[in-house]
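Colleague: This is coords_39.cif (mmCIF, C-alpha atoms).
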data_coords
loop_
_atom_site.label_atom_id
_atom_site.label_comp_id
_atom_site.auth_asym_id
_atom_site.auth_seq_id
_atom_site.Cartn_x
_atom_site.Cartn_y
_atom_site.Cartn_z
CA MET A 1 -8.86 -13.46 -34.18
CA VAL A 2 -7.38 -11.37 -36.97
CA GLY A 3 -9.25 -12.54 -40.04
CA ALA A 4 -12.22 -13.69 -37.96
CA HIS A 5 -15.62 -12.59 -39.15
CA PHE A 6 -17.09 -9.46 -37.62
CA GLU A 7 -20.17 -7.54 -38.68
CA ARG A 8 -19.22 -4.22 -37.11
CA LEU A 9 -15.44 -4.22 -36.75
CA LYS A 10 -12.57 -4.58 -39.18
CA VAL A 11 -9.57 -6.15 -37.43
CA GLU A 12 -6.22 -6.14 -39.22
CA ARG A 13 -2.73 -7.15 -38.14
CA VAL A 14 -0.03 -4.61 -38.98
CA ASP A 15 2.82 -6.81 -37.73
CA ASP A 16 3.54 -9.30 -34.97
CA HIS A 17 2.70 -6.84 -32.20
CA VAL A 18 0.33 -4.21 -33.64
CA VAL A 19 -3.34 -4.76 -34.51
CA THR A 20 -5.79 -2.16 -35.76
CA VAL A 21 -9.44 -2.40 -34.72
CA GLY A 22 -11.65 -0.37 -37.03
CA PHE A 23 -15.24 0.55 -36.23
CA ASP A 24 -17.04 -0.14 -39.48
CA GLU A 25 -20.64 1.05 -39.28
CA PRO A 26 -20.64 4.47 -40.97
CA SER A 27 -24.42 4.41 -41.50
CA ARG A 28 -24.79 4.42 -37.70
CA ARG A 29 -21.82 6.72 -37.09
CA ASN A 30 -20.20 3.79 -35.34
CA ALA A 31 -22.67 3.98 -32.47
CA LEU A 32 -21.83 1.58 -29.65
CA GLY A 33 -24.67 -0.92 -29.53
CA LEU A 34 -24.62 -4.17 -27.62
CA ALA A 35 -23.52 -6.17 -30.67
CA THR A 36 -20.53 -3.87 -31.20
CA THR A 37 -19.47 -4.08 -27.56
CA GLU A 38 -19.65 -7.87 -27.74
CA GLU A 39 -17.42 -7.92 -30.82
CA LEU A 40 -14.88 -5.60 -29.20
CA ASP A 41 -14.88 -7.81 -26.13
CA ARG A 42 -14.03 -10.78 -28.37
CA VAL A 43 -11.13 -8.84 -29.85
CA LEU A 44 -9.77 -8.00 -26.40
CA SER A 45 -10.05 -11.60 -25.25
CA SER A 46 -8.29 -12.93 -28.33
CA HIS A 47 -5.28 -10.62 -27.87
CA ALA A 48 -4.76 -11.11 -24.15
CA HIS A 49 -2.02 -13.74 -24.41
CA GLU A 50 0.61 -12.38 -26.81
CA PRO A 51 2.13 -8.88 -26.59
CA THR A 52 -0.17 -6.74 -28.72
CA ILE A 53 -0.71 -3.00 -29.01
CA LEU A 54 -4.27 -2.32 -30.13
CA ILE A 55 -5.16 0.75 -32.18
CA LEU A 56 -8.85 1.69 -32.13
CA HIS A 57 -10.00 3.82 -35.06
CA SER A 58 -12.77 4.23 -37.61
CA THR A 59 -12.67 2.80 -41.10
CA THR A 60 -14.48 5.94 -42.26
CA PRO A 61 -12.57 9.26 -42.39
CA GLY A 62 -14.11 12.08 -40.39
CA MET A 63 -15.67 9.73 -37.86
CA PHE A 64 -14.71 7.94 -34.64
CA VAL A 65 -17.50 6.72 -32.35
CA SER A 66 -20.58 8.90 -32.01
CA GLY A 67 -21.56 7.42 -28.65
CA ALA A 68 -23.89 4.77 -27.35
CA ASP A 69 -26.81 3.54 -29.42
CA ILE A 70 -29.48 5.81 -27.99
CA GLY A 71 -32.30 3.57 -29.18
CA GLU A 72 -30.88 0.71 -27.17
CA LEU A 73 -30.00 3.00 -24.29
CA ARG A 74 -33.53 4.27 -24.04
CA ASP A 75 -34.93 0.79 -23.60
CA ARG A 76 -32.38 -0.38 -21.05
CA SER A 77 -33.62 -0.87 -17.49
CA ALA A 78 -32.01 -0.50 -14.09
CA ASP A 79 -31.02 -4.16 -14.33
CA ASP A 80 -29.31 -3.42 -17.66
CA ALA A 81 -27.43 -0.55 -16.05
CA LEU A 82 -26.24 -2.84 -13.28
CA LEU A 83 -24.79 -5.13 -15.94
CA SER A 84 -22.29 -2.32 -16.59
CA ILE A 85 -22.14 -3.09 -20.31
CA ASN A 86 -20.11 -0.12 -21.56
CA ALA A 87 -18.31 0.62 -18.30
CA GLY A 88 -17.26 -3.00 -18.00
CA LEU A 89 -16.05 -3.06 -21.59
CA PHE A 90 -14.07 0.14 -21.15
CA ASP A 91 -12.51 -1.25 -17.99
CA ARG A 92 -11.42 -4.24 -20.06
CA VAL A 93 -9.96 -1.90 -22.67
CA GLU A 94 -8.07 -0.12 -19.89
CA ALA A 95 -6.96 -3.46 -18.46
CA HIS A 96 -5.56 -4.78 -21.77
CA ARG A 97 -2.11 -5.95 -20.75
CA TRP A 98 -0.24 -3.78 -23.24
CA PRO A 99 -0.83 -0.20 -24.43
CA THR A 100 -3.86 0.82 -26.45
CA ILE A 101 -4.13 3.83 -28.74
CA ALA A 102 -7.25 5.64 -29.93
CA ALA A 103 -6.91 7.29 -33.36
CA ILE A 104 -9.72 9.85 -33.49
CA ASP A 105 -11.01 11.74 -36.51
CA GLY A 106 -14.42 13.33 -36.09
CA TYR A 107 -16.97 12.81 -33.36
CA ALA A 108 -15.95 11.15 -30.09
CA ILE A 109 -19.16 11.85 -28.22
CA GLY A 110 -20.47 10.39 -24.96
CA GLY A 111 -19.50 6.74 -24.92
CA GLY A 112 -17.13 7.39 -27.82
CA CYS A 113 -15.21 9.89 -25.72
CA GLU A 114 -15.26 7.49 -22.76
CA LEU A 115 -13.91 4.72 -24.97
CA ALA A 116 -11.09 6.99 -26.16
CA MET A 117 -10.25 7.90 -22.57
CA ALA A 118 -10.11 4.22 -21.62
CA CYS A 119 -7.24 3.83 -24.08
CA ASP A 120 -3.73 4.63 -22.88
CA LEU A 121 -3.04 7.25 -25.54
CA ARG A 122 -5.06 9.37 -27.95
CA ILE A 123 -4.06 10.79 -31.31
CA ALA A 124 -6.60 13.08 -32.98
CA THR A 125 -7.12 15.39 -35.91
CA SER A 126 -8.01 19.05 -35.54
CA ARG A 127 -11.53 18.34 -36.83
CA SER A 128 -12.23 15.88 -34.03
CA THR A 129 -14.94 16.73 -31.51
CA PHE A 130 -15.09 15.59 -27.90
CA SER A 131 -18.01 15.96 -25.51
CA GLN A 132 -20.02 14.27 -22.75
CA PRO A 133 -23.68 15.15 -23.36
CA GLU A 134 -25.23 12.55 -21.06
CA LEU A 135 -26.80 15.00 -18.61
CA ASN A 136 -28.80 16.38 -21.48
CA LEU A 137 -30.27 12.93 -21.99
CA GLY A 138 -31.33 12.56 -18.37
CA ILE A 139 -28.49 10.19 -17.53
CA LEU A 140 -24.89 10.59 -16.42
CA ALA A 141 -21.58 9.68 -17.97
CA GLY A 142 -21.42 6.35 -16.21
CA ALA A 143 -18.78 4.57 -18.27
CA GLY A 144 -15.73 6.29 -16.85
CA ALA A 145 -15.91 9.97 -17.74
CA ASN A 146 -16.73 11.05 -14.19
CA TRP A 147 -13.22 10.11 -13.11
CA ARG A 148 -11.13 9.57 -16.27
CA LEU A 149 -11.94 13.03 -17.57
CA ALA A 150 -10.84 14.68 -14.33
CA GLN A 151 -7.61 12.69 -14.34
CA LEU A 152 -6.81 13.84 -17.86
CA VAL A 153 -7.89 17.48 -17.93
CA GLY A 154 -8.27 18.44 -14.27
CA LEU A 155 -11.33 18.65 -12.08
CA GLY A 156 -12.32 22.19 -13.05
CA LEU A 157 -12.52 21.58 -16.78
CA ALA A 158 -14.05 18.15 -16.24
CA ARG A 159 -16.88 19.73 -14.26
CA ARG A 160 -17.52 22.24 -17.03
CA LEU A 161 -17.53 19.62 -19.76
CA LEU A 162 -19.79 17.25 -17.82
CA TYR A 163 -22.19 19.90 -16.50
CA THR A 164 -22.63 21.81 -19.76
CA GLY A 165 -21.89 19.27 -22.49
CA GLU A 166 -19.41 21.76 -23.96
CA ARG A 167 -17.53 20.48 -26.99
CA LEU A 168 -13.79 20.59 -27.58
CA ASN A 169 -12.23 20.35 -31.01
CA GLY A 170 -9.01 18.43 -31.53
CA GLU A 171 -6.72 21.39 -30.91
CA GLU A 172 -8.59 22.39 -27.75
CA ALA A 173 -8.54 18.82 -26.52
CA HIS A 174 -4.80 18.67 -27.16
CA ARG A 175 -4.17 21.85 -25.18
CA ALA A 176 -6.34 20.52 -22.35
CA GLY A 177 -4.45 17.22 -22.15
CA LEU A 178 -7.30 15.06 -23.38
CA VAL A 179 -5.37 14.32 -26.59
CA ASP A 180 -1.69 13.37 -26.59
CA ARG A 181 -0.79 14.19 -30.18
CA LEU A 182 -2.37 15.81 -33.22
CA ALA A 183 -2.05 14.42 -36.74
CA ASP A 184 -3.28 15.37 -40.20
CA GLU A 185 -6.41 13.57 -41.37
CA SER A 186 -4.55 11.72 -44.10
CA ASP A 187 -1.79 10.56 -41.71
CA LEU A 188 -3.82 9.68 -38.62
CA LEU A 189 -3.63 5.90 -38.73
CA ALA A 190 0.00 5.99 -39.88
CA ALA A 191 0.82 8.27 -36.93
CA ALA A 192 -0.88 5.86 -34.53
CA ILE A 193 1.02 2.90 -36.00
CA ALA A 194 4.30 4.84 -35.74
CA LEU A 195 3.57 5.54 -32.07
CA ALA A 196 2.80 1.85 -31.53
CA HIS A 197 6.14 0.92 -33.09
CA GLU A 198 7.91 3.47 -30.88
CA ILE A 199 6.31 1.95 -27.79
CA GLY A 200 6.99 -1.57 -29.02
CA GLN A 201 10.75 -0.99 -28.88
CA ARG A 202 10.51 -1.26 -25.09
CA SER A 203 10.48 -4.40 -22.99
CA TRP A 204 7.06 -6.00 -23.27
CA ARG A 205 7.14 -7.23 -19.70
CA ALA A 206 8.24 -3.80 -18.46
CA LEU A 207 5.43 -2.19 -20.47
CA GLU A 208 2.91 -4.57 -18.95
CA LEU A 209 4.10 -3.96 -15.41
CA THR A 210 4.30 -0.19 -15.92
CA LYS A 211 0.74 -0.16 -17.16
CA LEU A 212 -0.33 -2.25 -14.20
CA SER A 213 1.42 0.15 -11.82
CA LEU A 214 -0.26 3.17 -13.43
CA ARG A 215 -3.65 1.55 -12.89
CA GLN A 216 -3.13 2.01 -9.16
CA HIS A 217 -4.11 5.64 -9.72
CA ARG A 218 -7.64 4.72 -10.79
CA PRO A 219 -10.40 4.95 -8.19
CA ALA A 220 -11.48 1.65 -6.63
CA THR A 221 -8.75 -0.10 -8.55
CA THR A 222 -8.52 -3.87 -8.51
CA GLY A 223 -4.91 -3.77 -9.65
CA ILE A 224 -3.58 -5.15 -6.38
CA ASP A 225 -5.90 -8.13 -6.84
CA LEU A 226 -4.33 -8.78 -10.24
CA VAL A 227 -0.83 -8.72 -8.78
CA ALA A 228 -1.80 -10.97 -5.87
CA GLN A 229 -3.55 -13.40 -8.21
CA ALA A 230 -0.54 -13.57 -10.49
CA LEU A 231 1.62 -14.57 -7.51
CA LEU A 232 -0.87 -17.12 -6.23
CA PHE A 233 -1.25 -18.75 -9.64
CA GLU A 234 2.43 -19.67 -9.48
CA SER A 235 2.23 -21.23 -6.01
CA ASP A 236 2.52 -24.95 -5.30
CA GLU A 237 -0.33 -24.69 -2.80
CA LYS A 238 -2.69 -23.46 -5.49
CA ARG A 239 -1.82 -26.46 -7.67
CA ARG A 240 -2.31 -28.91 -4.82
CA ARG A 241 -5.65 -27.45 -3.83
CA MET A 242 -6.94 -27.39 -7.41
CA ASP A 243 -5.76 -30.94 -8.01
CA ARG A 244 -7.64 -32.05 -4.90
CA PHE A 245 -10.77 -30.21 -6.02
CA LEU A 246 -10.65 -31.82 -9.48
CA ARG A 247 -10.36 -35.29 -7.94
CA THR A 248 -13.47 -34.88 -5.77
#
Rewrite the coordinates I just gave you, this time as structure tokens.
Modeller:
Amino acid sequence: MVGAHFERLKVERVDDHVVTVGFDEPSRRNALGLATTEELDRVLSSHAHEPTILILHSTTPGMFVSGADIGELRDRSADDALLSINAGLFDRVEAHRWPTIAAIDGYAIGGGCELAMACDLRIATSRSTFSQPELNLGILAGAGANWRLAQLVGLGLARRLLYTGERLNGEEAHRAGLVDRLADESDLLAAAIALAHEIGQRSWRALELTKLSLRQHRPATTGIDLVAQALLFESDEKRRRMDRFLRT
């Protein structure tokens, strides 16, 4: 998938186990429209089989992801909401088998903040801005902020941020626990790559299983289903039953 053609993302391989995924629509402040979510889904699918740490960032300094495409969001119906477009994508980001890192410089607003929270780790610059303004738009933060934010910063601060739309800069977000590390603007991507290399010194299988274990802390987790399925896929009975189905 590295080298594949994308209109809205720039995907580059750093080495055998680290891939950067750059949002590349500065004229739209990297707003998350349907086309962008579909491209990111393709990236996730293509890196699901070999140990890969994904780094999500912006190709434009001073920018991360400004949020959902409001024009599209306005025209979406109840049926569209039930499709769980962003929430489903962010769950797939969270479920990537190996760690993911968000490198944030500038606005991470609404869906952009939720995307960052779906990643395992976040590195940001001091000029970054985090907020969940959905209530001001007559909707709620339905792509993970209602529980991921509380897990990261505590219920009290999460309530304040969600109820008021209050903004945190990078340093405030770091103190609150929303951001794991701060980096200078000029060194942000390098710092994220260095962190990926640090993580990549561990056992890939142990990383995968640790991440799977940590997912048990998410509400309504399906992690146990993943473990059970992995065991069943290796069973002789599964093979026999599928062989019989294919012959009918």
Colleague: Would you kindly return, as a list in words, each protein, DNA or RNA residue with an atom no farther than 9 Å from any atom of Leu162 of chain A, considering only C-alpha atoms and excluding same-chain residues fewer than 5 positions away?
Modeller: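 Once the nearby chain positions are removed, what remains is Ser131, Gln132, Pro133, Glu134, Leu135, Leu140, Ala141, Ala145, Asn146, Leu149 and Leu157 of chain A.
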Colleague: Need to verify the contact set: segment 46-49 of chain A, 10 Å, only C-alpha atoms, exclusion of same-chain residues closer than 5 positions in sequence. Can you return it as a list in words?
Modeller: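 Near neighbours after the sequence-gap exclusion: Met1, Val2, His17, Val19, Leu40, Asp41, Leu54, Ala95, His96, Arg97 and Trp98 of chain A.
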Colleague: Could you write out the selected residues, including C-alpha atoms, as a PDB file, keeping the file's coordinate frame?
Modeller:
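Result went into out-v8.pdb, see below:
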ATOM      1  CA  MET A   1      -8.860 -13.460 -34.180  1.00  0.00           C
ATOM      2  CA  VAL A   2      -7.380 -11.370 -36.970  1.00  0.00           C
ATOM      3  CA  HIS A  17       2.700  -6.840 -32.200  1.00  0.00           C
ATOM      4  CA  VAL A  19      -3.340  -4.760 -34.510  1.00  0.00           C
ATOM      5  CA  LEU A  40     -14.880  -5.600 -29.200  1.00  0.00           C
ATOM      6  CA  ASP A  41     -14.880  -7.810 -26.130  1.00  0.00           C
ATOM      7  CA  LEU A  54      -4.270  -2.320 -30.130  1.00  0.00           C
ATOM      8  CA  ALA A  95      -6.960  -3.460 -18.460  1.00  0.00           C
ATOM      9  CA  HIS A  96      -5.560  -4.780 -21.770  1.00  0.00           C
ATOM     10  CA  ARG A  97      -2.110  -5.950 -20.750  1.00  0.00           C
ATOM     11  CA  TRP A  98      -0.240  -3.780 -23.240  1.00  0.00           C
TER      12      TRP A  98
END
Colleague: Report the distance between atom CA of Glu172 of chain A and atom CA of Val21 of chain A in Å, rounded to one decimal place.
Modeller: 25.8 Å
Colleague: At a cut-off of 10 Å, using all atoms listed in the file, what residues contact Arg28 of chain A? Leave out same-chain residues fewer than 4 positions from it and give the result as a list in words.
Modeller: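 Answer for this query is Asp24, Leu32, Gly33, Val65, Ser66 and Asp69 of chain A.
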Colleague: Counting only C-alpha atoms, what is within 8 Å of segment 190-194 of chain A, bar same-chain residues fewer than 2 positions away, as number ranges by chain?
Modeller: A: 18, 55, 101-103, 123, 183, 187-188, 196-198
Colleague: Let me know the residues the PyMOL selection byres ((chain A and resi 119) around 7) catches in the file above, as a VMD selection string.
Modeller: chain A and resid 93 to 94 100 to 102 115 to 118 120 to 121
Colleague: Specify as a list in words each residue included when the PyMOL selection byres ((chain A and resi 88) around 12) is applied to this file.
Modeller: Thr37, Glu38, Leu40, Asp41, Ala81, Leu82, Leu83, Ser84, Ile85, Asn86, Ala87, Leu89, Phe90, Asp91, Arg92, Val93, Glu94, Ala95, Glu114, Leu115, Ala118, Gly142, Ala143 and Gly144 of chain A
Colleague: One decimal, in Å: what's the spacing between atom CA of Glu25 of chain A and atom CA of Leu152 of chain A?
Modeller: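 Computed distance, atom CA of Glu25 of chain A to atom CA of Leu152 of chain A, equals 28.5 Å.
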Colleague: What does the distance between atom CA of Arg205 of chain A and atom CA of Ser45 of chain A come to in Å, to one decimal place?
Modeller: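 Separation between atom CA of Arg205 of chain A and atom CA of Ser45 of chain A: 18.6 Å.
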